[in-house]
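Q: For reference, this is structure.cif, and it has mmCIF, C-alpha atoms.
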data_structure
loop_
_atom_site.group_PDB
_atom_site.id
_atom_site.type_symbol
_atom_site.label_atom_id
_atom_site.label_comp_id
_atom_site.auth_asym_id
_atom_site.auth_seq_id
_atom_site.Cartn_x
_atom_site.Cartn_y
_atom_site.Cartn_z
ATOM 1 C CA MET A 25 21.910 12.529 23.720
ATOM 2 C CA ILE A 26 19.615 9.470 23.989
ATOM 3 C CA ASN A 27 17.284 11.365 26.351
ATOM 4 C CA GLU A 28 17.117 14.282 23.904
ATOM 5 C CA LEU A 29 16.349 11.876 21.076
ATOM 6 C CA PHE A 30 13.370 10.422 22.941
ATOM 7 C CA PHE A 31 12.201 13.651 24.594
ATOM 8 C CA MET A 32 12.200 15.740 21.356
ATOM 9 C CA ASN A 33 11.461 19.023 23.144
ATOM 10 C CA GLY A 34 8.382 17.494 24.748
ATOM 11 C CA TYR A 35 6.944 16.052 21.513
ATOM 12 C CA GLY A 36 8.592 12.634 21.830
ATOM 13 C CA THR A 37 5.387 10.869 22.851
ATOM 14 C CA TYR A 38 3.562 12.153 19.763
ATOM 15 C CA VAL A 39 6.397 11.567 17.306
ATOM 16 C CA LEU A 40 7.337 8.123 18.569
ATOM 17 C CA SER A 41 3.724 6.945 18.800
ATOM 18 C CA ALA A 42 3.143 8.041 15.161
ATOM 19 C CA PHE A 43 6.252 6.144 14.025
ATOM 20 C CA SER A 44 5.372 3.113 16.195
ATOM 21 C CA PHE A 45 1.838 2.961 14.795
ATOM 22 C CA THR A 46 3.272 3.045 11.256
ATOM 23 C CA PHE A 47 5.803 0.323 12.084
ATOM 24 C CA LEU A 48 3.136 -1.890 13.694
ATOM 25 C CA SER A 49 0.794 -1.427 10.713
ATOM 26 C CA PHE A 50 3.609 -2.363 8.317
ATOM 27 C CA SER A 51 4.503 -5.452 10.368
ATOM 28 C CA ALA A 52 0.879 -6.588 10.616
ATOM 29 C CA LEU A 53 0.237 -6.103 6.888
ATOM 30 C CA TYR A 54 3.469 -7.901 5.967
ATOM 31 C CA LEU A 55 2.779 -10.844 8.293
ATOM 32 C CA ILE A 56 -0.859 -11.255 7.202
ATOM 33 C CA THR A 57 0.129 -11.141 3.504
ATOM 34 C CA ARG A 58 3.005 -13.584 4.080
ATOM 35 C CA VAL A 59 0.790 -16.049 5.992
ATOM 36 C CA GLN A 60 -1.855 -15.924 3.230
ATOM 37 C CA PHE A 61 0.849 -16.545 0.611
ATOM 38 C CA ILE A 62 2.352 -19.528 2.450
ATOM 39 C CA LYS A 63 -1.131 -20.988 3.068
ATOM 40 C CA GLU A 64 -1.996 -20.888 -0.644
ATOM 41 C CA GLN A 65 1.420 -22.238 -1.595
ATOM 42 C CA ASN A 66 1.074 -25.182 0.823
ATOM 43 C CA LYS A 67 -2.430 -25.858 -0.475
ATOM 44 C CA PHE A 68 -1.020 -25.956 -4.009
ATOM 45 C CA VAL A 69 1.784 -28.367 -3.039
ATOM 46 C CA ALA A 70 -0.683 -30.658 -1.222
ATOM 47 C CA LYS A 71 -3.081 -30.680 -4.185
ATOM 48 C CA PHE A 72 -0.238 -31.296 -6.604
ATOM 49 C CA GLY A 73 0.975 -34.198 -4.484
ATOM 50 C CA SER A 74 -2.436 -35.846 -4.612
ATOM 51 C CA LEU A 75 -2.507 -35.914 -8.441
ATOM 52 C CA ASN A 76 -1.717 -39.154 -10.241
ATOM 53 C CA SER A 77 1.454 -39.234 -12.366
ATOM 54 C CA GLU A 78 -0.336 -38.502 -15.642
ATOM 55 C CA LYS A 79 -2.223 -35.496 -14.267
ATOM 56 C CA ALA A 80 0.909 -34.284 -12.467
ATOM 57 C CA LYS A 81 2.850 -34.462 -15.733
ATOM 58 C CA SER A 82 0.156 -32.466 -17.504
ATOM 59 C CA ALA A 83 0.064 -29.864 -14.704
ATOM 60 C CA LYS A 84 3.849 -29.607 -14.676
ATOM 61 C CA SER A 85 3.856 -28.752 -18.376
ATOM 62 C CA GLN A 86 2.693 -25.260 -17.357
ATOM 63 C CA ARG A 87 5.679 -23.078 -16.501
ATOM 64 C CA ILE A 88 3.852 -21.211 -13.720
ATOM 65 C CA ASN A 89 3.056 -24.474 -11.875
ATOM 66 C CA LYS A 90 6.720 -25.474 -12.059
ATOM 67 C CA GLU A 91 7.681 -22.051 -10.679
ATOM 68 C CA ILE A 92 5.241 -22.342 -7.743
ATOM 69 C CA LEU A 93 6.637 -25.766 -6.829
ATOM 70 C CA ALA A 94 10.227 -24.553 -7.135
ATOM 71 C CA ASN A 95 9.475 -21.532 -4.913
ATOM 72 C CA ALA A 96 7.721 -23.723 -2.350
ATOM 73 C CA THR A 97 10.792 -25.935 -1.980
ATOM 74 C CA ASN A 98 13.076 -22.875 -1.729
ATOM 75 C CA ASN A 99 11.014 -21.235 1.056
ATOM 76 C CA MET B 26 0.667 -5.708 -25.848
ATOM 77 C CA PHE B 27 -1.440 -6.984 -22.913
ATOM 78 C CA LYS B 28 -0.088 -10.507 -23.593
ATOM 79 C CA LEU B 29 3.281 -9.368 -22.252
ATOM 80 C CA PHE B 30 1.625 -8.919 -18.849
ATOM 81 C CA GLN B 31 -0.074 -12.310 -18.770
ATOM 82 C CA PRO B 32 0.281 -13.858 -15.267
ATOM 83 C CA ASN B 33 1.855 -17.034 -16.676
ATOM 84 C CA LYS B 34 4.651 -14.982 -18.217
ATOM 85 C CA ILE B 35 5.363 -12.545 -15.409
ATOM 86 C CA PHE B 36 5.125 -14.964 -12.452
ATOM 87 C CA GLN B 37 8.784 -15.866 -12.916
ATOM 88 C CA ILE B 38 9.639 -12.219 -12.133
ATOM 89 C CA THR B 39 6.939 -11.468 -9.553
ATOM 90 C CA SER B 40 7.782 -14.590 -7.532
ATOM 91 C CA LYS B 41 11.467 -13.720 -7.203
ATOM 92 C CA ALA B 42 11.207 -9.934 -6.839
ATOM 93 C CA PRO B 43 9.830 -9.688 -3.226
ATOM 94 C CA LYS B 44 13.083 -10.743 -1.509
ATOM 95 C CA TYR B 45 15.079 -8.095 -3.422
ATOM 96 C CA ILE B 46 12.409 -5.447 -2.806
ATOM 97 C CA LEU B 47 12.391 -6.309 0.933
ATOM 98 C CA PHE B 48 16.180 -5.921 1.083
ATOM 99 C CA LEU B 49 16.035 -2.559 -0.710
ATOM 100 C CA PHE B 50 13.133 -1.425 1.497
ATOM 101 C CA VAL B 51 15.095 -2.129 4.701
ATOM 102 C CA ILE B 52 18.080 -0.119 3.412
ATOM 103 C CA VAL B 53 16.002 2.863 2.217
ATOM 104 C CA LEU B 54 13.880 2.828 5.398
ATOM 105 C CA SER B 55 16.999 2.818 7.603
ATOM 106 C CA ILE B 56 18.372 5.875 5.777
ATOM 107 C CA GLY B 57 14.940 7.526 5.913
ATOM 108 C CA LEU B 58 14.496 6.930 9.656
ATOM 109 C CA THR B 59 17.976 8.255 10.434
ATOM 110 C CA GLU B 60 17.240 11.389 8.416
ATOM 111 C CA ALA B 61 13.697 11.835 9.761
ATOM 112 C CA LEU B 62 14.354 11.214 13.464
ATOM 113 C CA ILE B 63 17.941 12.382 13.937
ATOM 114 C CA LEU B 64 19.485 14.436 11.135
ATOM 115 C CA SER B 65 16.625 16.636 9.888
ATOM 116 C CA PRO B 66 16.139 19.953 11.715
ATOM 117 C CA GLU B 67 13.199 20.824 13.934
ATOM 118 C CA ASP B 68 10.634 23.330 12.666
ATOM 119 C CA TYR B 69 10.788 26.930 13.965
ATOM 120 C CA LYS B 70 7.068 26.827 14.838
ATOM 121 C CA GLN B 71 6.190 23.166 15.399
ATOM 122 C CA SER B 72 9.536 22.139 16.868
ATOM 123 C CA ASP B 73 10.082 18.337 16.796
ATOM 124 C CA ALA B 74 6.389 17.610 16.189
ATOM 125 C CA VAL B 75 7.135 18.263 12.517
ATOM 126 C CA ARG B 76 8.859 14.853 12.351
ATOM 127 C CA ILE B 77 5.409 13.218 12.171
ATOM 128 C CA MET B 78 5.277 14.658 8.637
ATOM 129 C CA TYR B 79 7.813 12.022 7.516
ATOM 130 C CA VAL B 80 5.285 9.215 8.011
ATOM 131 C CA HIS B 81 2.022 11.147 7.592
ATOM 132 C CA VAL B 82 2.660 12.776 4.205
ATOM 133 C CA PRO B 83 4.132 9.756 2.329
ATOM 134 C CA ALA B 84 1.272 7.575 3.642
ATOM 135 C CA ALA B 85 -1.326 10.079 2.390
ATOM 136 C CA TRP B 86 0.382 10.470 -1.015
ATOM 137 C CA ILE B 87 0.637 6.734 -1.564
ATOM 138 C CA SER B 88 -2.936 5.969 -0.486
ATOM 139 C CA LEU B 89 -4.225 8.610 -2.960
ATOM 140 C CA GLY B 90 -1.886 7.306 -5.680
ATOM 141 C CA ILE B 91 -2.953 3.701 -5.174
ATOM 142 C CA PHE B 92 -6.649 4.574 -5.294
ATOM 143 C CA SER B 93 -6.100 6.478 -8.568
ATOM 144 C CA SER B 94 -4.216 3.461 -9.990
ATOM 145 C CA ILE B 95 -6.970 1.080 -8.883
ATOM 146 C CA THR B 96 -9.555 3.249 -10.636
ATOM 147 C CA PHE B 97 -7.508 3.444 -13.835
ATOM 148 C CA LEU B 98 -6.902 -0.331 -13.833
ATOM 149 C CA SER B 99 -10.534 -1.181 -13.056
ATOM 150 C CA ILE B 100 -11.826 1.007 -15.880
ATOM 151 C CA SER B 101 -9.169 -0.411 -18.250
ATOM 152 C CA GLY B 102 -10.045 -3.942 -17.178
ATOM 153 C CA PHE B 103 -13.672 -3.259 -17.881
ATOM 154 C CA ILE B 104 -13.027 -1.690 -21.309
ATOM 155 C CA PHE B 105 -10.464 -4.255 -22.512
ATOM 156 C CA LYS B 106 -12.105 -7.236 -20.735
ATOM 157 C CA ASN B 107 -8.788 -8.010 -19.065
ATOM 158 C CA LYS B 108 -9.076 -9.955 -15.772
ATOM 159 C CA ASN B 109 -5.431 -9.371 -14.958
ATOM 160 C CA PHE B 110 -6.094 -5.640 -14.474
ATOM 161 C CA PHE B 111 -8.689 -6.491 -11.823
ATOM 162 C CA LEU B 112 -6.247 -8.880 -10.185
ATOM 163 C CA ILE B 113 -3.603 -6.135 -10.019
ATOM 164 C CA SER B 114 -6.194 -3.698 -8.557
ATOM 165 C CA LYS B 115 -7.255 -6.237 -5.946
ATOM 166 C CA SER B 116 -3.609 -6.801 -4.952
ATOM 167 C CA LEU B 117 -2.940 -3.058 -4.629
ATOM 168 C CA ALA B 118 -5.947 -2.287 -2.427
ATOM 169 C CA PRO B 119 -4.783 -3.686 0.978
ATOM 170 C CA SER B 120 -1.628 -1.550 1.082
ATOM 171 C CA GLY B 121 -3.587 1.509 -0.117
ATOM 172 C CA PHE B 122 -6.103 0.997 2.690
ATOM 173 C CA VAL B 123 -3.406 0.550 5.350
ATOM 174 C CA PHE B 124 -1.581 3.694 4.142
ATOM 175 C CA ASN B 125 -4.871 5.585 4.337
ATOM 176 C CA ILE B 126 -5.384 4.463 7.952
ATOM 177 C CA ILE B 127 -1.760 5.409 8.775
ATOM 178 C CA ALA B 128 -2.345 8.898 7.281
ATOM 179 C CA LEU B 129 -5.507 9.336 9.368
ATOM 180 C CA VAL B 130 -4.016 8.093 12.652
ATOM 181 C CA THR B 131 -0.681 9.899 12.350
ATOM 182 C CA GLY B 132 -2.570 13.041 11.248
ATOM 183 C CA SER B 133 -4.673 12.789 14.372
ATOM 184 C CA ILE B 134 -1.551 12.352 16.540
ATOM 185 C CA TRP B 135 0.011 15.374 14.799
ATOM 186 C CA GLY B 136 -3.195 17.386 15.297
ATOM 187 C CA LYS B 137 -3.088 17.204 19.091
ATOM 188 C CA PRO B 138 0.160 19.190 19.677
ATOM 189 C CA THR B 139 -0.313 21.563 16.700
ATOM 190 C CA TRP B 140 -4.080 22.268 16.654
ATOM 191 C CA GLY B 141 -4.924 21.197 20.202
ATOM 192 C CA THR B 142 -7.371 18.509 19.055
ATOM 193 C CA TRP B 143 -7.173 14.885 17.932
ATOM 194 C CA TRP B 144 -9.885 15.310 15.288
ATOM 195 C CA ALA B 145 -11.694 18.055 13.385
ATOM 196 C CA TRP B 146 -14.377 17.691 10.710
ATOM 197 C CA ASP B 147 -12.140 19.626 8.386
ATOM 198 C CA ALA B 148 -12.378 19.224 4.561
ATOM 199 C CA ARG B 149 -8.993 17.476 4.121
ATOM 200 C CA ILE B 150 -9.401 15.106 7.065
ATOM 201 C CA THR B 151 -13.024 14.281 6.269
ATOM 202 C CA SER B 152 -12.227 13.582 2.600
ATOM 203 C CA MET B 153 -9.405 11.236 3.697
ATOM 204 C CA LEU B 154 -11.884 9.436 5.949
ATOM 205 C CA ILE B 155 -14.289 9.121 2.995
ATOM 206 C CA LEU B 156 -11.424 7.659 0.929
ATOM 207 C CA ALA B 157 -10.876 5.040 3.661
ATOM 208 C CA LEU B 158 -14.584 4.147 3.444
ATOM 209 C CA PHE B 159 -14.273 3.666 -0.340
ATOM 210 C CA TYR B 160 -11.229 1.422 0.193
ATOM 211 C CA ALA B 161 -13.186 -0.573 2.791
ATOM 212 C CA MET B 162 -16.181 -0.955 0.448
ATOM 213 C CA TYR B 163 -13.877 -2.048 -2.389
ATOM 214 C CA LEU B 164 -12.206 -4.717 -0.229
ATOM 215 C CA ILE B 165 -15.517 -5.934 1.252
ATOM 216 C CA VAL B 166 -17.026 -6.434 -2.230
ATOM 217 C CA TRP B 167 -14.132 -8.734 -3.187
ATOM 218 C CA ARG B 168 -14.828 -10.768 -0.041
ATOM 219 C CA ILE B 169 -18.606 -11.090 -0.173
ATOM 220 C CA TYR B 170 -19.394 -11.775 -3.838
ATOM 221 C CA GLU B 171 -18.634 -15.091 -5.516
ATOM 222 C CA SER B 172 -19.397 -14.116 -9.116
ATOM 223 C CA GLU B 173 -16.375 -12.531 -10.810
ATOM 224 C CA GLU B 174 -18.525 -10.553 -13.250
ATOM 225 C CA LYS B 175 -20.510 -9.023 -10.404
ATOM 226 C CA VAL B 176 -17.322 -8.156 -8.473
ATOM 227 C CA PHE B 177 -15.743 -6.511 -11.534
ATOM 228 C CA LYS B 178 -18.858 -4.389 -12.122
ATOM 229 C CA ILE B 179 -19.368 -3.317 -8.494
ATOM 230 C CA THR B 180 -15.686 -2.582 -7.771
ATOM 231 C CA THR B 181 -15.385 -0.517 -10.969
ATOM 232 C CA PHE B 182 -18.499 1.428 -9.937
ATOM 233 C CA ILE B 183 -17.045 2.036 -6.437
ATOM 234 C CA THR B 184 -13.745 3.280 -7.846
ATOM 235 C CA ILE B 185 -15.461 5.601 -10.370
ATOM 236 C CA ILE B 186 -17.531 7.195 -7.592
ATOM 237 C CA GLY B 187 -14.529 7.190 -5.214
ATOM 238 C CA ILE B 188 -12.136 8.854 -7.650
ATOM 239 C CA VAL B 189 -14.276 12.024 -7.500
ATOM 240 C CA ASN B 190 -13.087 12.312 -3.897
ATOM 241 C CA VAL B 191 -9.369 12.278 -4.862
ATOM 242 C CA PRO B 192 -9.151 15.804 -6.395
ATOM 243 C CA ILE B 193 -11.433 17.024 -3.583
ATOM 244 C CA THR B 194 -8.889 15.681 -1.064
ATOM 245 C CA LYS B 195 -5.971 17.207 -2.981
ATOM 246 C CA TYR B 196 -7.486 20.691 -3.442
ATOM 247 C CA SER B 197 -9.612 20.850 -0.268
ATOM 248 C CA VAL B 198 -6.951 22.976 1.444
ATOM 249 C CA ASP B 199 -7.124 25.532 -1.408
ATOM 250 C CA TRP B 200 -10.904 25.496 -1.919
ATOM 251 C CA TRP B 201 -11.946 25.828 1.729
ATOM 252 C CA ASN B 202 -10.632 27.409 4.898
ATOM 253 C CA THR B 203 -9.268 24.418 6.755
ATOM 254 C CA LEU B 204 -7.197 23.689 9.832
ATOM 255 C CA HIS B 205 -4.925 21.641 7.593
ATOM 256 C CA GLN B 206 -2.038 23.615 6.116
ATOM 257 C CA PRO B 207 -1.852 24.147 2.303
ATOM 258 C CA ALA B 208 0.466 21.956 0.206
ATOM 259 C CA SER B 209 4.162 22.670 0.804
ATOM 260 C CA ILE B 210 5.333 20.704 -2.220
ATOM 261 C CA ASN B 211 4.318 21.645 -5.749
ATOM 262 C CA ILE B 212 5.497 19.824 -8.846
ATOM 263 C CA LEU B 213 4.784 22.742 -11.176
ATOM 264 C CA SER B 214 5.948 25.626 -8.984
ATOM 265 C CA LYS B 215 8.566 26.231 -6.288
ATOM 266 C CA SER B 216 8.077 24.195 -3.101
ATOM 267 C CA SER B 217 7.923 26.077 0.188
ATOM 268 C CA ILE B 218 9.701 23.313 2.133
ATOM 269 C CA HIS B 219 13.444 23.565 2.817
ATOM 270 C CA SER B 220 15.718 20.970 1.209
ATOM 271 C CA SER B 221 16.857 19.748 4.664
ATOM 272 C CA MET B 222 13.264 18.575 5.242
ATOM 273 C CA LEU B 223 12.415 17.737 1.640
ATOM 274 C CA PHE B 224 15.230 15.177 1.327
ATOM 275 C CA PRO B 225 14.125 12.966 4.279
ATOM 276 C CA LEU B 226 10.526 13.310 3.118
ATOM 277 C CA LEU B 227 11.427 11.984 -0.341
ATOM 278 C CA ILE B 228 13.528 9.157 1.144
ATOM 279 C CA MET B 229 10.625 8.101 3.396
ATOM 280 C CA THR B 230 8.258 8.308 0.402
ATOM 281 C CA ALA B 231 10.598 6.015 -1.547
ATOM 282 C CA ALA B 232 10.668 3.570 1.400
ATOM 283 C CA PHE B 233 6.850 3.570 1.647
ATOM 284 C CA ALA B 234 6.537 3.101 -2.122
ATOM 285 C CA LEU B 235 8.889 0.098 -1.928
ATOM 286 C CA PHE B 236 6.825 -1.361 0.907
ATOM 287 C CA SER B 237 3.604 -1.012 -1.071
ATOM 288 C CA LEU B 238 5.329 -2.652 -4.058
ATOM 289 C CA LEU B 239 6.442 -5.514 -1.791
ATOM 290 C CA ILE B 240 2.936 -6.080 -0.429
ATOM 291 C CA PHE B 241 1.471 -5.784 -3.917
ATOM 292 C CA LEU B 242 3.822 -8.468 -5.302
ATOM 293 C CA MET B 243 3.187 -10.844 -2.386
ATOM 294 C CA LYS B 244 -0.578 -10.375 -2.701
ATOM 295 C CA TYR B 245 -0.481 -10.717 -6.492
ATOM 296 C CA ASN B 246 1.487 -13.976 -6.242
ATOM 297 C CA THR B 247 -1.017 -15.265 -3.666
ATOM 298 C CA GLU B 248 -3.897 -14.468 -6.038
ATOM 299 C CA LEU B 249 -2.142 -16.256 -8.917
ATOM 300 C CA ILE B 250 -1.555 -19.365 -6.798
ATOM 301 C CA LYS B 251 -5.227 -19.264 -5.732
ATOM 302 C CA ILE B 252 -6.216 -19.349 -9.424
ATOM 303 C CA LYS B 253 -3.800 -22.221 -10.062
ATOM 304 C CA ASN B 254 -5.247 -24.099 -7.072
ATOM 305 C CA LYS B 255 -8.685 -23.870 -8.688
ATOM 306 C CA GLY B 256 -7.066 -25.040 -11.960
ATOM 307 C CA LEU B 257 -5.662 -28.163 -10.260
ATOM 308 C CA ASP B 258 -9.160 -29.015 -9.003
ATOM 309 C CA ARG B 259 -10.368 -29.063 -12.590
ATOM 310 C CA ILE B 260 -7.644 -31.416 -13.925
#
What does this structure look like when you write it as structure tokens?
A:
Amino acid sequence: MINELFFMNGYGTYVLSAFSFTFLSFSALYLITRVQFIKEQNKFVAKFGSLNSEKAKSAKSQRINKEILANATNN
Amino acid sequence: MFKLFQPNKIFQITSKAPKYILFLFVIVLSIGLTEALILSPEDYKQSDAVRIMYVHVPAAWISLGIFSSITFLSISGFIFKNKNFFLISKSLAPSGFVFNIIALVTGSIWGKPTWGTWWAWDARITSMLILALFYAMYLIVWRIYESEEKVFKITTFITIIGIVNVPITKYSVDWWNTLHQPASINILSKSSIHSSMLFPLLIMTAAFALFSLLIFLMKYNTELIKIKNKGLDRI
């Protein structure tokens, strides 16, 4: 059964390499996008941390900034 | 109406959605893979090689769909002077490009057992390669130019020229004698594909669409945070 699944009447190499290439492309794209996202998020948190209390308060008044900080602590 | 789609308002949704989309993608992909690799029947002519269709066709459909969306959004962004449209286009492009490459590579792998060659300068294959070049140009322009205005103009120009290639790709198999088979699925008329193969194909298309949505949301959120990072520098 397992042999049949991999052999696929002699086309296994073609079929499995097509599926593997797709899977690898998906994984690479996901990882690259995720790394870029985390990098920007960390940059934001670091920049936010360096603001003085008045500037931080003003920045925090924007809902999107609050959301980014909340997401960063959840991740 | 465009105010509803302002980044500040939709970030709350776009930042939380990826984890749910990822979960749904894994479920749909698992069903799709089981159907495509195990349950669906082999073809009477191509035997098991037909299973490559379940990754090749959805990838080609989605790459064409994304390029059409990018063109529509770029033109709309230009007409309505809406930067968010350009941001959405920019976030869609990487997954469109990767799907295009997947369609080309899996098509080439499929070509070897069915046509006896890895590559042919056939109208459908060549037009897909041209589409990949347009995607590459689009992505490179975003990387090399600093001025937003310049990027908006050049990327819109690239998409307007590139969109001409989309109907050529779609109808190339009808207009010219090609190695590539004609379309088996028609929205307006009866499809020539059996339901036992159509079902896994649609499931895999749904899985690929979810993946492109996931990448789009992650990329879009990254772009929004980049803008906010610049905003913090100005405080």
Q: Enter the distance from CA of Asn89 (chain A) to CA of Phe110 (chain B), in Å, rounded to one decimal.
A: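 CA of Phe110 (chain B) lies 21.1 Å from CA of Asn89 (chain A).
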Q: Suppose a student applies the PyMOL selection byres ((chain A) within 9 of (chain B)) to this structure; what residues should they get, written as number ranges by chain?
A: A: 29, 32-36, 38-43, 45-46, 49-50, 53-54, 57-58, 60-65, 67-68, 71-72, 75, 79, 82-83, 86-89, 91-92, 95
Q: Check the smallest atom-to-atom distance from each of B:Ser114, B:Ser220, B:Ser99, B:Ser197 to Lys178 (chain B) using only C-alpha atoms, then report the winner.
A: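 Closest to Lys178 (chain B), using only C-alpha atoms: B:Ser99.
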Q: Report, in Å to a single decimal, how far apart CA of Val191 (chain B) and CA of Ile150 (chain B) are.
A: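 Interatomic distance here is 12.3 Å.
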Q: What's the separation between CA of Ile113 (chain B) and CA of Lys175 (chain B), in Å to one decimal place?
A: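 Atom-to-atom, CA of Ile113 (chain B) and CA of Lys175 (chain B) are spaced 17.2 Å apart.
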Q: When you count all atoms listed in the file, which of these residues is closest to Val176 (chain B): B:Leu98, B:Leu164, B:Ile56, B:Leu89?
A: B:Leu164
Q: From the options B:Ala148, B:Lys215, B:Leu156, B:Ser55, which residue's atoms come nearest to Tyr196 (chain B), counting all atoms listed in the file?
A: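 Of B:Ala148, B:Lys215, B:Leu156, B:Ser55, the one nearest Tyr196 (chain B), counting all atoms listed in the file, is B:Ala148.
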Q: Go through A:Ser44, A:Asn66, A:Thr37, A:Asn27 one by one, measure the shortest atom-to-atom distance of each to Leu93 (chain A) using all atoms listed in the file, and give the residue with the smallest value.
A: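 Closest candidate: A:Asn66.
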Q: So that I can see what lies close to Leu49 (chain B), please list as a PyMOL selection string the residues with an atom at most 12 Å from it, counting only C-alpha atoms and leaving out residues fewer than 2 positions away in the same chain.
A: chain B and resi 42-47+51-56+231-236+238-239
Q: So, counting all atoms listed in the file, which residue among B:Ile95, B:Thr194, B:His219, B:Gly121 is closest to Pro207 (chain B)?
A: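 Result for the nearest residue to Pro207 (chain B): B:Thr194.
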Q: Using all atoms listed in the file, determine which residues lie at most 7 Å from Ser209 (chain B), disregarding the query and same-chain residues fewer than 3 positions distant; provide the list as a PyMOL selection string.
A: chain B and resi 216-218
Q: Write the selection just made, keeping C-alpha atoms, as a PDB file, in the coordinates of the input?
A:
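Produced file selection.pdb, reproduced below:
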ATOM      1  CA  SER B 216       8.077  24.195  -3.101  1.00  0.00           C
ATOM      2  CA  SER B 217       7.923  26.077   0.188  1.00  0.00           C
ATOM      3  CA  ILE B 218       9.701  23.313   2.133  1.00  0.00           C
TER       4      ILE B 218
END
